[in-house]
Amino acid sequence: MHFEPTYENGELVLPKIEFDVIPHQAIGIITDLKRKQLLMNQLADRSQYHLFYAQQNEYSWLTVKELIVFLIQVTERNESVDRLLDYFALKEEQKTKIKNLSPSKRMYVTLLRIFFAHQPVVVLEEPYLYLEEQDRRQFKRVLDDLLPGKQVLILTSNLEDALISCDSVYRLNERGFQRLDIRDTEEEPRNVQKQDEVNITLQKISTKRKDKVILFDPPEIDYIESVEGSILVHVSGEEYTCALTLTELEQRLANFGFYRCHRSYIVNLQKVREIITWTKNSYSLRLDSGQDAGVSLSRSKLQELKSLLRI
Amino acid sequence: MVNVSLKRVRAIFVKDYKEFSRNYAISIMLICPIVLALLIRGIDSSLPLASVAATFANVLNISFLLMTCFAQACLIAEEKERNTLRSLRMTPATTLDILIGKSALVFVMSAIVLAAAALIFGYKPGNIAVFVIVIILSLILYIALGTICGLFSKTLLEASLSILPVCLLFTAAPWGALLEDEYPVFRVLDYMPSSQLVHALRLDDTGFTMGDVWKPLLLIFIWTVGLTAAAVMGYQRQLKNE
């Protein structure tokens, strides 16, 4: 896929973007509202891209069943309504008018339009934002079943949402377009050396930002991630680069309750609020830092983490 | 754009019918012609324009605006408000499918209600063929007008307000044209389709020549073609803007 660069007041807001499209894989782009719109504006070709906007509403006076019937007829498909209602798990709600559904269910029903898309590429803006846990799972299933025939692109401002159904995730912000490393790393050899002597004299973690050196106490740090080779230290929603490697940091911070929960993440366990299970194989941690921060968690580390937290 | 699928048109027709009939705030307008017919049927016929035919022509003019035009504008504006028009265009449904599906619903509903109003009013057209042609042309004309109003407004509320000036202009035109002796400018109003409708229906009462029939028919036809073209063009411009 490929996007043209966009300038605004002489500043580059959207760099030239090109990435490989891997069949049967969903791609997520984490970015802000303005860039989401710029991206979607470039995908105006109606025969290629099915765009789903976050502000999409539905025919509120129809019942769920009538809506599905309408969508089947208007897209001229040969599907049976009852089978689809079964598949969408909407049997119970089929006679409810859409305006009377709960907000999460209404959004779920609205999202089902992408099931009827005839275009090869489906682009979704914030699909999971208004969905509750159960509807998220439902919709993830529908989306996964769609993948063999379609290419799916998800635009969101939330890493967690992208992790739910994307296999590769990119981040697009004022620093450009980067790929995030979210792969699970079971097969990788773990060469963590046991170190008995821990340097307790050095407590500060030194970071750099705009040519200034900033020192942080370990308890201040929310989590540390590795993005394209550089190490980012997250402190209350801000990011600072650090010259040390993750392995070095892991050793230094082990005594402060930090834990290497993923190949590219170290998390401050004191700040973990919630362990979220997306599927059998994907987990993430939600932190306590006020920001909506999410950190991925490898499956292999789950048991170890649970024992560390004594749960 | 070019290919029209009956299946898709029918799906849109049925969907809009269900929505329309359940949304009482809009569908209440359907009883407007019937109420008008009941109120005005016993009118004093000494006033100007007050022959049975001319009075009924005015009932029709008001009904066309308050029912046909209003319903169409609301149907389009409601879809815009909920962004469903945008997602409808993501489906294989073409511009014509969407416009025909919606217009057909308003057309059928208006035709039925106006027939009922004619019965209640006790209006008997002198020449059925002329009457039917004029009504069909006018319905298409006001549906196109409603489409334009709907396309110009972003919400249902805006649509119902944008109808008002249009309503004033079109329903008052036959009355304004009466003032042409004092204000020659008002002669223009005689070319409005609503004024021509009055002329067309009045002809039926007495004997008339072919020339008398052709003029209003032709004028209404020109209006219909013009507004329909404007509506389709407006819709396509909308498509590009989004």
# chains A, B, ... in the order shown; residues from 1 in each chain; ligands from 1

$ residues_around --residues "segment 11-15 of chain B" --least-positions-apart "5" --cutoff "6 Å" --atoms "only C-alpha atoms" --output "number ranges by chain"
A: 70, 73-74; B: 101-102, 105

$ write_last_selection --atoms "C-alpha atoms" --output "mmCIF file, in the first residue's frame"
data_model
loop_
_atom_site.group_PDB
_atom_site.id
_atom_site.type_symbol
_atom_site.label_atom_id
_atom_site.label_comp_id
_atom_site.auth_asym_id
_atom_site.auth_seq_id
_atom_site.Cartn_x
_atom_site.Cartn_y
_atom_site.Cartn_z
ATOM 1 C CA PHE A 70 -31.708 -4.883 3.470
ATOM 2 C CA GLN A 73 -30.620 -7.385 -0.910
ATOM 3 C CA VAL A 74 -28.799 -4.186 -1.664
ATOM 4 C CA GLY B 101 -35.721 3.877 -4.774
ATOM 5 C CA LYS B 102 -36.356 6.896 -2.570
ATOM 6 C CA LEU B 105 -41.626 5.609 -2.364
#

$ residues_around --residues "Asp211 of chain A" --least-positions-apart "2" --cutoff "12 Å" --atoms "only C-alpha atoms" --output "PyMOL selection string"
chain A and resi 207-209+213-214+240-242

$ closest_residue --among "B:Leu239, B:Ala104, B:Met67, B:Leu139" --to "chain A" --atoms "only C-alpha atoms"
B:Leu239

$ interface_residues --of "chain A" --to "chain B" --cutoff "10 Å" --atoms "only C-alpha atoms" --output "PyMOL selection string"
chain A and resi 41+44-53+55-63+66-67+69-76+110+113-114+116-119

$ atom_distance --atom1 "atom CA of Arg237 of chain B" --atom2 "atom CA of Gly146 of chain B"
16.4 Å

$ closest_residue --among "A:Ala26, A:Glu174, A:Arg286, A:Cys261" --to "Ala162 of chain A" --atoms "only C-alpha atoms"
A:Ala26

$ residues_around --residues "Thr228 of chain B" --least-positions-apart "6" --cutoff "9 Å" --atoms "only C-alpha atoms" --output "list in words"
Ile140, Leu141, Ile143, Ala144, Leu145 and Thr147 of chain B

$ write_last_selection --atoms "N, CA and C atoms" --output "CSV table (one decimal), in the first residue's frame"
chain,number,residue,atom,x,y,z
B,140,ILE,N,-43.0,14.5,-9.9
B,140,ILE,CA,-41.6,14.3,-10.2
B,140,ILE,C,-40.9,15.6,-9.9
B,141,LEU,N,-41.5,16.7,-10.3
B,141,LEU,CA,-40.9,18.1,-10.1
B,141,LEU,C,-40.6,18.3,-8.7
B,143,ILE,N,-40.6,16.2,-6.2
B,143,ILE,CA,-39.6,15.2,-5.6
B,143,ILE,C,-38.2,15.7,-5.9
B,144,ALA,N,-38.0,16.2,-7.1
B,144,ALA,CA,-36.6,16.7,-7.4
B,144,ALA,C,-36.3,17.9,-6.6
B,145,LEU,N,-37.3,18.8,-6.3
B,145,LEU,CA,-37.1,20.0,-5.5
B,145,LEU,C,-36.8,19.5,-4.1
B,147,THR,N,-35.3,16.7,-3.2
B,147,THR,CA,-34.0,16.2,-3.2
B,147,THR,C,-33.0,17.3,-3.1

$ closest_residue --among "B:Gly234, B:Gly126, B:Pro184, B:Gly150" --to "Ala200 of chain B" --atoms "only C-alpha atoms"
B:Gly126

$ select_by_dssp --residues "segment 7-231 of chain B" --states "helix (DSSP H, G or I)" --output "PyMOL selection string"
chain B and resi 7-22+24-40+52-81+84-88+95-121+128-152+156-181+184-191+193-203+210-231

$ atom_distance --atom1 "atom CA of Leu155 of chain A" --atom2 "atom CA of Lys36 of chain A"
6.5 Å

$ closest_residue --among "A:Leu246, A:Glu304, A:Ser206, A:Gln270" --to "Asp222 of chain A" --atoms "only C-alpha atoms"
A:Gln270

$ atom_distance --atom1 "atom CA of Ser226 of chain A" --atom2 "atom CA of His262 of chain A"
10.2 Å

$ closest_residue --among "A:Val227, A:Arg137, A:Lys150, A:Leu85" --to "Gln178 of chain A" --atoms "only C-alpha atoms"
A:Val227

$ select_by_dssp --residues "segment 32-203 of chain A" --states "strand (DSSP E or B)" --output "short mmCIF file (atom, residue, chain, number, x, y, z; two decimals) with C-alpha atoms, in the first residue's frame"
data_model
loop_
_atom_site.label_atom_id
_atom_site.label_comp_id
_atom_site.auth_asym_id
_atom_site.auth_seq_id
_atom_site.Cartn_x
_atom_site.Cartn_y
_atom_site.Cartn_z
CA TYR A 49 -11.62 0.63 -0.71
CA HIS A 50 -14.55 0.13 1.61
CA LEU A 51 -14.20 2.91 4.17
CA PHE A 52 -15.81 2.61 7.56
CA THR A 63 -35.05 -3.86 13.35
CA LYS A 97 -35.15 -1.69 16.59
CA VAL A 121 -9.67 -3.58 0.80
CA VAL A 122 -11.60 -2.74 3.95
CA VAL A 123 -10.46 0.29 5.96
CA LEU A 124 -11.83 0.72 9.48
CA GLU A 125 -11.53 3.79 11.65
CA GLN A 151 -7.18 -6.93 3.02
CA VAL A 152 -7.97 -5.16 6.27
CA LEU A 153 -6.49 -1.86 7.43
CA ILE A 154 -7.33 -0.53 10.88
CA LEU A 155 -6.74 3.10 11.82
CA THR A 156 -6.81 3.78 15.52
CA SER A 168 1.53 -5.94 11.95
CA VAL A 169 1.21 -2.55 13.56
CA TYR A 170 2.71 0.76 12.47
CA ARG A 171 2.88 4.03 14.31
CA LEU A 172 2.43 7.30 12.42
CA ASN A 173 3.16 10.56 14.21
CA GLY A 176 7.26 9.61 10.86
CA PHE A 177 6.03 6.14 10.10
CA GLN A 178 7.55 3.21 12.00
CA ARG A 179 6.81 -0.41 12.39
CA LEU A 180 6.19 -1.61 15.93
#

$ decode --residues "segment 166-184 of chain A" --atoms "N, CA and C atoms" --output "PDB file, in the first residue's frame"
ATOM      1  N   CYS A 166      -4.704  -7.069  14.630  1.00  0.00           N
ATOM      2  CA  CYS A 166      -3.704  -6.795  13.596  1.00  0.00           C
ATOM      3  C   CYS A 166      -2.465  -7.654  13.789  1.00  0.00           C
ATOM      4  N   ASP A 167      -1.914  -8.060  12.665  1.00  0.00           N
ATOM      5  CA  ASP A 167      -0.702  -8.865  12.717  1.00  0.00           C
ATOM      6  C   ASP A 167       0.536  -7.993  12.622  1.00  0.00           C
ATOM      7  N   SER A 168       0.415  -6.875  11.911  1.00  0.00           N
ATOM      8  CA  SER A 168       1.535  -5.936  11.946  1.00  0.00           C
ATOM      9  C   SER A 168       0.990  -4.554  12.234  1.00  0.00           C
ATOM     10  N   VAL A 169       1.691  -3.839  13.090  1.00  0.00           N
ATOM     11  CA  VAL A 169       1.208  -2.549  13.557  1.00  0.00           C
ATOM     12  C   VAL A 169       2.264  -1.493  13.261  1.00  0.00           C
ATOM     13  N   TYR A 170       1.809  -0.358  12.742  1.00  0.00           N
ATOM     14  CA  TYR A 170       2.707   0.763  12.468  1.00  0.00           C
ATOM     15  C   TYR A 170       2.275   1.940  13.310  1.00  0.00           C
ATOM     16  N   ARG A 171       3.227   2.809  13.600  1.00  0.00           N
ATOM     17  CA  ARG A 171       2.875   4.034  14.309  1.00  0.00           C
ATOM     18  C   ARG A 171       3.203   5.208  13.410  1.00  0.00           C
ATOM     19  N   LEU A 172       2.234   6.119  13.280  1.00  0.00           N
ATOM     20  CA  LEU A 172       2.426   7.295  12.421  1.00  0.00           C
ATOM     21  C   LEU A 172       2.227   8.527  13.278  1.00  0.00           C
ATOM     22  N   ASN A 173       3.301   9.302  13.474  1.00  0.00           N
ATOM     23  CA  ASN A 173       3.155  10.556  14.205  1.00  0.00           C
ATOM     24  C   ASN A 173       4.112  11.573  13.625  1.00  0.00           C
ATOM     25  N   GLU A 174       4.348  12.675  14.365  1.00  0.00           N
ATOM     26  CA  GLU A 174       5.175  13.748  13.791  1.00  0.00           C
ATOM     27  C   GLU A 174       6.600  13.273  13.535  1.00  0.00           C
ATOM     28  N   ARG A 175       6.989  12.130  14.119  1.00  0.00           N
ATOM     29  CA  ARG A 175       8.335  11.620  13.871  1.00  0.00           C
ATOM     30  C   ARG A 175       8.378  10.651  12.694  1.00  0.00           C
ATOM     31  N   GLY A 176       7.241  10.446  12.053  1.00  0.00           N
ATOM     32  CA  GLY A 176       7.259   9.611  10.864  1.00  0.00           C
ATOM     33  C   GLY A 176       6.476   8.327  11.027  1.00  0.00           C
ATOM     34  N   PHE A 177       6.799   7.374  10.210  1.00  0.00           N
ATOM     35  CA  PHE A 177       6.034   6.140  10.095  1.00  0.00           C
ATOM     36  C   PHE A 177       6.950   4.986  10.461  1.00  0.00           C
ATOM     37  N   GLN A 178       6.658   4.290  11.582  1.00  0.00           N
ATOM     38  CA  GLN A 178       7.550   3.211  12.003  1.00  0.00           C
ATOM     39  C   GLN A 178       6.750   1.955  12.259  1.00  0.00           C
ATOM     40  N   ARG A 179       7.438   0.856  12.081  1.00  0.00           N
ATOM     41  CA  ARG A 179       6.807  -0.410  12.387  1.00  0.00           C
ATOM     42  C   ARG A 179       7.044  -0.743  13.846  1.00  0.00           C
ATOM     43  N   LEU A 180       6.010  -1.195  14.540  1.00  0.00           N
ATOM     44  CA  LEU A 180       6.186  -1.612  15.926  1.00  0.00           C
ATOM     45  C   LEU A 180       6.458  -3.102  15.958  1.00  0.00           C
ATOM     46  N   ASP A 181       7.296  -3.482  16.923  1.00  0.00           N
ATOM     47  CA  ASP A 181       7.643  -4.900  17.038  1.00  0.00           C
ATOM     48  C   ASP A 181       6.678  -5.553  18.007  1.00  0.00           C
ATOM     49  N   ILE A 182       5.699  -6.251  17.471  1.00  0.00           N
ATOM     50  CA  ILE A 182       4.731  -6.867  18.392  1.00  0.00           C
ATOM     51  C   ILE A 182       4.751  -8.376  18.311  1.00  0.00           C
ATOM     52  N   ARG A 183       5.751  -8.916  17.605  1.00  0.00           N
ATOM     53  CA  ARG A 183       5.757 -10.374  17.443  1.00  0.00           C
ATOM     54  C   ARG A 183       5.940 -11.087  18.778  1.00  0.00           C
ATOM     55  N   ASP A 184       5.370 -12.221  18.877  1.00  0.00           N
ATOM     56  CA  ASP A 184       5.545 -13.054  20.050  1.00  0.00           C
ATOM     57  C   ASP A 184       6.856 -13.820  19.887  1.00  0.00           C
TER      58      ASP A 184
END
